[in-house]
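Colleague: Sending over target.txt (compact mmCIF, C-alpha atoms and all ligand atoms).
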```txt
# COMPACT_ATOMS: atom_id res chain seq x y z
CA MET A 122 -11.14 15.00 -29.57
CA SER A 123 -9.84 17.16 -26.80
CA LEU A 124 -9.81 17.43 -23.05
CA SER A 125 -13.01 19.49 -23.03
CA ASP A 126 -14.80 16.94 -25.25
CA ILE A 127 -13.84 14.20 -22.83
CA THR A 128 -14.89 16.10 -19.71
CA GLU A 129 -18.20 16.86 -21.42
CA ARG A 130 -18.73 13.16 -22.21
CA LEU A 131 -17.73 12.30 -18.67
CA THR A 132 -20.34 14.70 -17.31
CA ARG A 133 -23.05 13.33 -19.61
CA ALA A 134 -22.20 9.73 -18.70
CA CYS A 135 -22.47 10.69 -15.02
CA ASP A 136 -25.85 12.36 -15.64
CA ARG A 137 -27.16 9.21 -17.29
CA ALA A 138 -25.87 7.09 -14.41
CA ARG A 139 -27.20 9.60 -11.86
CA ARG A 140 -23.72 10.08 -10.50
CA ASP A 141 -21.86 13.18 -9.37
CA PRO A 142 -19.17 14.00 -11.99
CA ALA A 143 -16.85 14.86 -9.11
CA SER A 144 -16.92 11.15 -8.17
CA VAL A 145 -14.99 10.22 -11.34
CA LYS A 146 -11.32 11.09 -11.71
CA LEU A 147 -10.10 11.59 -15.25
CA ILE A 148 -6.55 10.25 -15.54
CA ALA A 149 -5.00 11.66 -18.72
CA VAL A 150 -2.68 8.90 -19.96
CA SER A 151 0.35 10.70 -21.37
CA LYS A 152 2.58 7.71 -22.21
CA VAL A 153 4.64 8.15 -25.40
CA GLN A 154 2.90 11.43 -26.25
CA PRO A 155 4.98 14.32 -27.60
CA PRO A 156 5.77 16.80 -24.81
CA GLU A 157 3.91 19.66 -26.48
CA ARG A 158 0.63 17.71 -26.32
CA VAL A 159 1.11 17.07 -22.60
CA GLU A 160 2.04 20.70 -21.98
CA ALA A 161 -1.11 21.82 -23.80
CA VAL A 162 -3.24 19.73 -21.44
CA LEU A 163 -1.31 21.02 -18.41
CA GLY A 164 -1.90 24.50 -19.80
CA GLU A 165 -5.64 23.84 -19.83
CA GLY A 166 -5.37 23.21 -16.11
CA HIS A 167 -5.60 19.43 -16.02
CA ARG A 168 -3.48 17.94 -13.23
CA ILE A 169 -4.13 14.19 -13.11
CA PHE A 170 -1.93 12.08 -15.38
CA GLY A 171 -1.09 8.42 -15.89
CA GLU A 172 2.03 6.71 -17.18
CA ASN A 173 2.63 3.01 -17.75
CA ARG A 174 6.43 2.88 -17.49
CA VAL A 175 8.46 4.06 -14.50
CA GLN A 176 11.56 4.92 -16.51
CA GLU A 177 9.67 7.00 -19.05
CA ALA A 178 7.83 8.84 -16.29
CA GLN A 179 11.11 9.53 -14.47
CA ASP A 180 12.52 11.07 -17.63
CA LYS A 181 9.55 13.35 -18.24
CA TRP A 182 7.69 14.22 -15.08
CA PRO A 183 10.11 15.70 -12.51
CA ALA A 184 10.47 18.87 -14.63
CA TRP A 185 6.69 19.20 -15.12
CA LYS A 186 6.07 18.51 -11.44
CA ASP A 187 8.40 21.40 -10.61
CA ARG A 188 6.34 23.71 -12.80
CA PHE A 189 2.97 22.27 -11.80
CA PRO A 190 3.45 21.03 -8.21
CA ASP A 191 -0.19 20.09 -7.75
CA THR A 192 0.11 17.40 -10.44
CA GLU A 193 -1.06 13.94 -9.39
CA LEU A 194 0.69 11.02 -11.13
CA HIS A 195 -0.75 7.51 -11.47
CA LEU A 196 1.25 4.42 -12.42
CA ILE A 197 -1.01 2.26 -14.58
CA GLY A 198 1.58 -0.19 -15.98
CA PRO A 199 3.36 -3.18 -14.48
CA LEU A 200 5.79 -2.53 -11.62
CA GLN A 201 9.01 -4.58 -11.34
CA SER A 202 10.46 -4.93 -7.86
CA ASN A 203 13.66 -3.08 -8.84
CA LYS A 204 11.57 -0.04 -9.83
CA VAL A 205 9.55 0.22 -6.64
CA ARG A 206 11.74 2.92 -5.08
CA PRO A 207 11.61 5.38 -7.98
CA ALA A 208 7.93 4.59 -8.44
CA VAL A 209 7.13 5.33 -4.79
CA ARG A 210 9.08 8.59 -5.00
CA LEU A 211 7.36 9.78 -8.18
CA PHE A 212 3.83 8.37 -8.23
CA ASP A 213 0.90 9.36 -6.05
CA ALA A 214 -1.02 6.21 -6.94
CA ILE A 215 -0.10 2.72 -8.17
CA HIS A 216 -2.87 0.81 -9.98
CA THR A 217 -1.02 -2.43 -10.65
CA VAL A 218 -0.50 -4.27 -7.35
CA ASP A 219 -0.98 -7.94 -8.19
CA SER A 220 1.00 -9.91 -5.60
CA ILE A 221 1.57 -9.79 -1.87
CA LYS A 222 5.31 -9.75 -2.55
CA LEU A 223 4.98 -6.50 -4.51
CA ALA A 224 2.66 -5.02 -1.86
CA ARG A 225 5.18 -5.83 0.90
CA ARG A 226 7.98 -4.19 -1.06
CA ILE A 227 5.86 -1.08 -1.64
CA ALA A 228 5.04 -0.96 2.08
CA ASP A 229 8.74 -1.23 3.09
CA ILE A 230 9.93 1.39 0.64
CA ALA A 231 7.03 3.75 1.23
CA ALA A 232 7.86 3.70 4.95
CA GLN A 233 11.54 4.43 4.23
CA GLU A 234 10.66 7.23 1.84
CA GLY A 235 7.91 8.75 3.98
CA ARG A 236 5.45 8.36 1.12
CA ARG A 237 1.97 6.88 1.03
CA PRO A 238 0.86 6.08 -2.50
CA ARG A 239 -2.79 5.17 -3.00
CA LEU A 240 -3.00 1.59 -4.22
CA PHE A 241 -5.22 -0.47 -6.49
CA VAL A 242 -5.10 -4.24 -6.86
CA GLN A 243 -5.12 -5.18 -10.53
CA VAL A 244 -7.52 -8.02 -11.33
CA ASN A 245 -7.08 -10.08 -14.50
CA THR A 246 -10.82 -10.26 -15.09
CA GLY A 247 -10.39 -11.98 -18.46
CA GLU A 248 -8.01 -14.57 -16.95
CA GLU A 249 -5.65 -13.97 -19.86
CA PRO A 250 -2.41 -15.91 -19.30
CA GLN A 251 -0.16 -13.15 -20.69
CA LYS A 252 -1.82 -10.37 -18.72
CA ALA A 253 -0.83 -8.98 -15.32
CA GLY A 254 -3.25 -9.02 -12.42
CA VAL A 255 -4.49 -11.42 -9.80
CA ALA A 256 -7.06 -14.02 -10.89
CA PRO A 257 -10.64 -13.07 -9.94
CA ASP A 258 -10.98 -16.01 -7.54
CA GLU A 259 -7.75 -15.03 -5.76
CA ALA A 260 -8.59 -11.33 -5.46
CA ASP A 261 -10.37 -11.51 -2.08
CA ALA A 262 -7.37 -13.27 -0.50
CA LEU A 263 -4.89 -10.75 -1.92
CA VAL A 264 -7.03 -7.79 -0.78
CA ALA A 265 -7.16 -9.26 2.74
CA GLU A 266 -3.38 -9.72 2.81
CA VAL A 267 -2.69 -6.22 1.49
CA ARG A 268 -4.99 -4.80 4.16
CA GLU A 269 -2.76 -6.25 6.86
CA LEU A 270 0.05 -3.98 5.68
CA ASP A 271 0.43 -0.28 6.48
CA LEU A 272 -0.78 0.83 3.05
CA SER A 273 -3.65 2.86 1.54
CA LEU A 274 -5.65 0.41 -0.52
CA ASP A 275 -8.24 2.39 -2.49
CA GLY A 276 -9.70 -0.12 -4.89
CA LEU A 277 -9.37 -2.44 -7.85
CA MET A 278 -8.24 -2.00 -11.45
CA CYS A 279 -8.82 -4.00 -14.63
CA ILE A 280 -7.97 -3.95 -18.33
CA PRO A 281 -10.64 -5.96 -20.17
CA PRO A 282 -9.53 -8.31 -22.97
CA GLU A 283 -9.35 -6.50 -26.27
CA HIS A 284 -12.01 -8.41 -28.17
CA GLU A 285 -14.65 -8.89 -25.51
CA ALA A 286 -17.51 -6.72 -24.34
CA PRO A 287 -15.94 -4.63 -21.55
CA SER A 288 -19.19 -4.41 -19.58
CA LEU A 289 -18.90 -7.97 -18.24
CA HIS A 290 -15.45 -7.15 -16.93
CA PHE A 291 -16.54 -3.84 -15.42
CA ALA A 292 -19.43 -5.61 -13.69
CA LEU A 293 -17.15 -8.35 -12.36
CA LEU A 294 -14.64 -5.82 -11.01
CA ALA A 295 -17.44 -3.83 -9.36
CA LYS A 296 -18.78 -7.01 -7.75
CA ILE A 297 -15.39 -8.01 -6.35
CA ALA A 298 -14.85 -4.47 -5.02
CA GLU A 299 -18.26 -4.39 -3.40
CA ARG A 300 -17.90 -7.68 -1.56
CA ASN A 301 -14.54 -6.45 -0.27
CA GLY A 302 -15.85 -3.05 0.82
CA LEU A 303 -13.61 -1.16 -1.61
CA ASP A 304 -14.83 2.11 -3.19
CA GLY A 305 -12.25 2.68 -5.90
CA LEU A 306 -12.73 1.27 -9.41
CA SER A 307 -10.02 2.04 -11.96
CA MET A 308 -11.58 1.00 -15.25
CA GLY A 309 -12.47 2.45 -18.63
CA MET A 310 -10.20 3.77 -21.40
CA SER A 311 -10.75 5.90 -24.51
CA ALA A 312 -13.08 3.40 -26.17
CA ASP A 313 -15.25 2.49 -23.19
CA PHE A 314 -15.01 5.04 -20.37
CA GLN A 315 -18.67 6.02 -20.59
CA GLU A 316 -19.69 2.41 -20.09
CA ALA A 317 -17.22 2.11 -17.23
CA ILE A 318 -18.86 5.12 -15.57
CA ALA A 319 -22.24 3.36 -15.83
CA PHE A 320 -20.68 0.44 -13.92
CA GLY A 321 -19.28 2.67 -11.19
CA ALA A 322 -15.78 3.63 -12.35
CA THR A 323 -14.14 6.14 -9.99
CA HIS A 324 -10.93 6.46 -12.05
CA ILE A 325 -11.00 6.39 -15.85
CA ARG A 326 -7.73 6.15 -17.77
CA VAL A 327 -8.01 8.00 -21.05
CA GLY A 328 -5.07 8.47 -23.42
CA SER A 329 -5.60 8.69 -27.17
CA ALA A 330 -9.05 10.31 -26.94
CA ILE A 331 -7.46 13.30 -25.18
CA PHE A 332 -4.02 13.50 -26.77
CA GLY A 333 -4.57 11.94 -30.18
CA ALA A 334 -3.17 8.64 -31.42
CA ARG A 335 0.09 7.64 -29.79
CA VAL A 336 3.00 8.47 -32.06
CA LYS A 337 5.01 5.38 -31.05
CA GLY A 338 4.85 2.45 -28.65
C1 LIG B 401 -2.45 3.14 -22.49
C2 LIG B 401 -3.35 2.76 -21.39
C3 LIG B 401 -4.59 3.41 -21.22
C4 LIG B 401 -5.13 4.47 -22.16
O1 LIG B 401 -5.46 3.89 -23.38
P1 LIG B 401 -6.31 4.72 -24.49
O2 LIG B 401 -6.99 3.66 -25.26
O3 LIG B 401 -5.31 5.48 -25.26
O4 LIG B 401 -7.25 5.59 -23.77
C5 LIG B 401 -5.38 3.03 -20.13
N1 LIG B 401 -4.98 2.09 -19.26
C6 LIG B 401 -3.79 1.45 -19.38
C7 LIG B 401 -3.41 0.43 -18.38
C8 LIG B 401 -2.93 1.77 -20.45
O5 LIG B 401 -1.76 1.12 -20.56
```
Please express what this file holds, its structure, as structure tokens.

Modeller:
Amino acid sequence: MSLSDITERLTRACDRARRDPASVKLIAVSKVQPPERVEAVLGEGHRIFGENRVQEAQDKWPAWKDRFPDTELHLIGPLQSNKVRPAVRLFDAIHTVDSIKLARRIADIAAQEGRRPRLFVQVNTGEEPQKAGVAPDEADALVAEVRELDLSLDGLMCIPPEHEAPSLHFALLAKIAERNGLDGLSMGMSADFQEAIAFGATHIRVGSAIFGARVKG
């Protein structure tokens, strides 16, 4: 598949859901992809990208951001407290806020750096012990606490468990967002982004379907 195949599918999924395609952001997930594949997608004019590791993004993206200054970078992987400063400098959005401690650190460093990343609270909708994210029944409390800080909270994010129907998780995330008055829903990957769009996704995170299978990692 290619970028144009994905945008076409995105548009069709929006038509079926009676949604405006402009209401869904396509985040091209470029983690561990060979640079020439990423440059090809930049060359096609795409400017919204996602990475899951701060260090890897720091190694790759400053040079591309120089060449393509209108690039928007999204952090979609876990954020350790010692990486908050480089993350705040590099990323325009962080999708993986899952504790008030992390939110406070982002707020402090964003103020120091004069940056204002858009934030998503990650919800562990499958309640998987090994997975990051706040438990669904603790999400409202975390959202309320984050809102007391000087931050831009845009919405919620989830990664459904691998072997379950994603729709239940998309529906749960949408329900939690709605009762908290949040518009942003970061959900849907290569295998299920059309379904995510039907459930209201505003940010889909698509890697292998755009770039091809990841070479490593
Ligand atoms: C890698 C990754 C994606 C993209 O996965 P694909 O299946 O390649 O589309 C989306 N979201 C997160 C959090 C990821 O780590």

Colleague: Smallest atom-to-atom distance to ligand LIG 401 (chain B): which of A:Ala317, A:Ala286, A:Val150, A:Ala228, using only C-alpha atoms and all ligand atoms?

Modeller: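 Residue with the minimum atom-to-atom distance to ligand LIG 401 (chain B): A:Val150.
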
Colleague: Under the rule that only C-alpha atoms are counted, which of A:Ala260, A:Ala143, A:Leu211, A:Ile297 is the nearest residue to A:Glu193?

Modeller: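 Among A:Ala260, A:Ala143, A:Leu211, A:Ile297, it is A:Leu211 that comes nearest to A:Glu193.
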
Colleague: How would you report the residues lying within 12 Å of ligand LIG 401 (chain B), as a PyMOL selection string, if you count only C-alpha atoms and all ligand atoms?

Modeller: chain A and resi 122+127+147-154+170-174+195-200+215-217+243-245+252-254+278-283+307-315+324-338

Colleague: Would you save the residues of that selection, restricted to C-alpha atoms, as a short mmCIF file (atom, residue, chain, number, x, y, z; two decimals), in the frame of the given file?

Modeller:
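Result went into out_13.cif, see below:
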```
data_model
loop_
_atom_site.label_atom_id
_atom_site.label_comp_id
_atom_site.auth_asym_id
_atom_site.auth_seq_id
_atom_site.Cartn_x
_atom_site.Cartn_y
_atom_site.Cartn_z
CA MET A 122 -11.14 15.00 -29.57
CA ILE A 127 -13.84 14.20 -22.83
CA LEU A 147 -10.10 11.59 -15.25
CA ILE A 148 -6.55 10.25 -15.54
CA ALA A 149 -5.00 11.66 -18.72
CA VAL A 150 -2.68 8.90 -19.96
CA SER A 151 0.35 10.70 -21.37
CA LYS A 152 2.58 7.71 -22.21
CA VAL A 153 4.64 8.15 -25.40
CA GLN A 154 2.90 11.43 -26.25
CA PHE A 170 -1.93 12.08 -15.38
CA GLY A 171 -1.09 8.42 -15.89
CA GLU A 172 2.03 6.71 -17.18
CA ASN A 173 2.63 3.01 -17.75
CA ARG A 174 6.43 2.88 -17.49
CA HIS A 195 -0.75 7.51 -11.47
CA LEU A 196 1.25 4.42 -12.42
CA ILE A 197 -1.01 2.26 -14.58
CA GLY A 198 1.58 -0.19 -15.98
CA PRO A 199 3.36 -3.18 -14.48
CA LEU A 200 5.79 -2.53 -11.62
CA ILE A 215 -0.10 2.72 -8.17
CA HIS A 216 -2.87 0.81 -9.98
CA THR A 217 -1.02 -2.43 -10.65
CA GLN A 243 -5.12 -5.18 -10.53
CA VAL A 244 -7.52 -8.02 -11.33
CA ASN A 245 -7.08 -10.08 -14.50
CA LYS A 252 -1.82 -10.37 -18.72
CA ALA A 253 -0.83 -8.98 -15.32
CA GLY A 254 -3.25 -9.02 -12.42
CA MET A 278 -8.24 -2.00 -11.45
CA CYS A 279 -8.82 -4.00 -14.63
CA ILE A 280 -7.97 -3.95 -18.33
CA PRO A 281 -10.64 -5.96 -20.17
CA PRO A 282 -9.53 -8.31 -22.97
CA GLU A 283 -9.35 -6.50 -26.27
CA SER A 307 -10.02 2.04 -11.96
CA MET A 308 -11.58 1.00 -15.25
CA GLY A 309 -12.47 2.45 -18.63
CA MET A 310 -10.20 3.77 -21.40
CA SER A 311 -10.75 5.90 -24.51
CA ALA A 312 -13.08 3.40 -26.17
CA ASP A 313 -15.25 2.49 -23.19
CA PHE A 314 -15.01 5.04 -20.37
CA GLN A 315 -18.67 6.02 -20.59
CA HIS A 324 -10.93 6.46 -12.05
CA ILE A 325 -11.00 6.39 -15.85
CA ARG A 326 -7.73 6.15 -17.77
CA VAL A 327 -8.01 8.00 -21.05
CA GLY A 328 -5.07 8.47 -23.42
CA SER A 329 -5.60 8.69 -27.17
CA ALA A 330 -9.05 10.31 -26.94
CA ILE A 331 -7.46 13.30 -25.18
CA PHE A 332 -4.02 13.50 -26.77
CA GLY A 333 -4.57 11.94 -30.18
CA ALA A 334 -3.17 8.64 -31.42
CA ARG A 335 0.09 7.64 -29.79
CA VAL A 336 3.00 8.47 -32.06
CA LYS A 337 5.01 5.38 -31.05
CA GLY A 338 4.85 2.45 -28.65
#
```

Colleague: Have a look at A:Leu124, A:Val159, A:Val205, A:Val264 and name the one nearest to A:Trp185; count all atoms listed in the file.

Modeller: A:Val159

Colleague: If we count only C-alpha atoms and set the cut-off at 10 Å, which residues sit around A:Ala138, ignoring sequence neighbours fewer than 5 positions away in its own chain? Please answer as a list in words.

Modeller: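 Neighbouring residues, sequence-local ones excluded: Thr132, Arg133, Gln315, Glu316, Ile318, Ala319, Phe320 and Gly321 of chain A.
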
Colleague: I'd like the box whose edges run along x, y and z of the file and which contains every listed atom of stretch 213-230 of chain A, padded by 5 Å per side; could you state its centre and edge lengths in Å, one decimal, as AutoDock Vina command-line options?

Modeller:
```
--center_x 3.5 --center_y -0.3 --center_z -3.8 --size_x 22.8 --size_y 29.3 --size_z 23.7
```

Colleague: With all atoms listed in the file as the basis for distance, which of A:Glu160, A:Glu269, A:Asp261, A:Asp275 is at the shortest distance from A:Leu306?

Modeller: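 Among the listed residues, A:Asp275 lies closest to A:Leu306.
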
Colleague: Figure out the distance between atom CA of A:Asp258 and atom CA of A:Ser220, please, to one decimal in Å.

Modeller: 13.6 Å

Colleague: Mind pulling up the distance from atom CA of A:Glu259 to atom CA of A:Asn301?

Modeller: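 Rounded to one decimal, the two atoms are 12.2 Å apart.
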
Colleague: Could you give me stretch 146-157 of chain A completed to all heavy atoms, formatted as a CSV table (one decimal), in the frame of the given file?

Modeller:
```
chain,number,residue,atom,x,y,z
A,146,LYS,N,-12.6,10.4,-11.4
A,146,LYS,CA,-11.3,11.1,-11.7
A,146,LYS,C,-10.9,10.7,-13.1
A,146,LYS,O,-10.8,9.6,-13.5
A,146,LYS,CB,-10.2,10.6,-10.8
A,146,LYS,CG,-10.0,11.5,-9.6
A,146,LYS,CD,-8.7,11.2,-8.9
A,146,LYS,CE,-8.7,12.0,-7.6
A,146,LYS,NZ,-7.4,11.9,-6.9
A,147,LEU,N,-10.6,11.8,-13.9
A,147,LEU,CA,-10.1,11.6,-15.2
A,147,LEU,C,-8.6,11.6,-15.2
A,147,LEU,O,-7.9,12.6,-15.0
A,147,LEU,CB,-10.6,12.7,-16.2
A,147,LEU,CG,-10.0,12.8,-17.6
A,147,LEU,CD1,-10.3,11.5,-18.3
A,147,LEU,CD2,-10.6,14.0,-18.3
A,148,ILE,N,-8.0,10.4,-15.5
A,148,ILE,CA,-6.6,10.2,-15.5
A,148,ILE,C,-6.2,10.4,-17.0
A,148,ILE,O,-6.5,9.5,-17.8
A,148,ILE,CB,-6.1,8.9,-15.0
A,148,ILE,CG1,-6.5,8.7,-13.5
A,148,ILE,CG2,-4.6,8.7,-15.1
A,148,ILE,CD1,-6.3,7.4,-12.9
A,149,ALA,N,-5.4,11.4,-17.3
A,149,ALA,CA,-5.0,11.7,-18.7
A,149,ALA,C,-3.7,10.8,-18.9
A,149,ALA,O,-2.7,11.1,-18.3
A,149,ALA,CB,-4.7,13.1,-19.0
A,150,VAL,N,-3.8,9.8,-19.8
A,150,VAL,CA,-2.7,8.9,-20.0
A,150,VAL,C,-1.7,9.5,-21.0
A,150,VAL,O,-2.0,9.5,-22.2
A,150,VAL,CB,-3.2,7.5,-20.3
A,150,VAL,CG1,-2.0,6.6,-20.6
A,150,VAL,CG2,-4.1,6.9,-19.3
A,151,SER,N,-0.6,9.9,-20.5
A,151,SER,CA,0.4,10.7,-21.4
A,151,SER,C,1.5,9.9,-21.9
A,151,SER,O,2.4,10.4,-22.6
A,151,SER,CB,0.9,11.9,-20.6
A,151,SER,OG,1.3,11.5,-19.3
A,152,LYS,N,1.5,8.6,-21.7
A,152,LYS,CA,2.6,7.7,-22.2
A,152,LYS,C,2.8,7.9,-23.7
A,152,LYS,O,1.9,8.1,-24.5
A,152,LYS,CB,2.3,6.2,-22.0
A,152,LYS,CG,1.1,5.7,-22.7
A,152,LYS,CD,0.7,4.3,-22.4
A,152,LYS,CE,-0.5,3.8,-23.2
A,152,LYS,NZ,-1.1,2.6,-22.7
A,153,VAL,N,4.1,8.0,-24.0
A,153,VAL,CA,4.6,8.2,-25.4
A,153,VAL,C,4.0,9.3,-26.2
A,153,VAL,O,4.1,9.3,-27.4
A,153,VAL,CB,4.6,6.8,-26.3
A,153,VAL,CG1,5.3,5.7,-25.5
A,153,VAL,CG2,3.2,6.4,-26.6
A,154,GLN,N,3.4,10.3,-25.5
A,154,GLN,CA,2.9,11.4,-26.2
A,154,GLN,C,4.0,12.5,-26.4
A,154,GLN,O,4.8,12.7,-25.5
A,154,GLN,CB,1.7,12.0,-25.5
A,154,GLN,CG,0.5,11.1,-25.5
A,154,GLN,CD,-0.2,11.0,-26.8
A,154,GLN,OE1,0.1,11.7,-27.8
A,154,GLN,NE2,-1.2,10.1,-26.9
A,155,PRO,N,4.0,13.2,-27.5
A,155,PRO,CA,5.0,14.3,-27.6
A,155,PRO,C,4.8,15.3,-26.5
A,155,PRO,O,3.6,15.6,-26.1
A,155,PRO,CB,4.6,14.9,-29.0
A,155,PRO,CG,3.8,13.9,-29.7
A,155,PRO,CD,3.1,13.1,-28.6
A,156,PRO,N,5.9,15.9,-26.0
A,156,PRO,CA,5.8,16.8,-24.8
A,156,PRO,C,4.8,18.0,-25.0
A,156,PRO,O,4.1,18.4,-24.1
A,156,PRO,CB,7.2,17.3,-24.6
A,156,PRO,CG,8.1,16.6,-25.6
A,156,PRO,CD,7.3,15.6,-26.3
A,157,GLU,N,4.8,18.5,-26.3
A,157,GLU,CA,3.9,19.7,-26.5
A,157,GLU,C,2.4,19.3,-26.3
A,157,GLU,O,1.7,20.2,-25.8
A,157,GLU,CB,4.2,20.3,-27.9
A,157,GLU,CG,3.9,19.4,-29.1
A,157,GLU,CD,5.2,18.6,-29.4
A,157,GLU,OE1,6.1,18.4,-28.6
A,157,GLU,OE2,5.2,18.0,-30.6
```
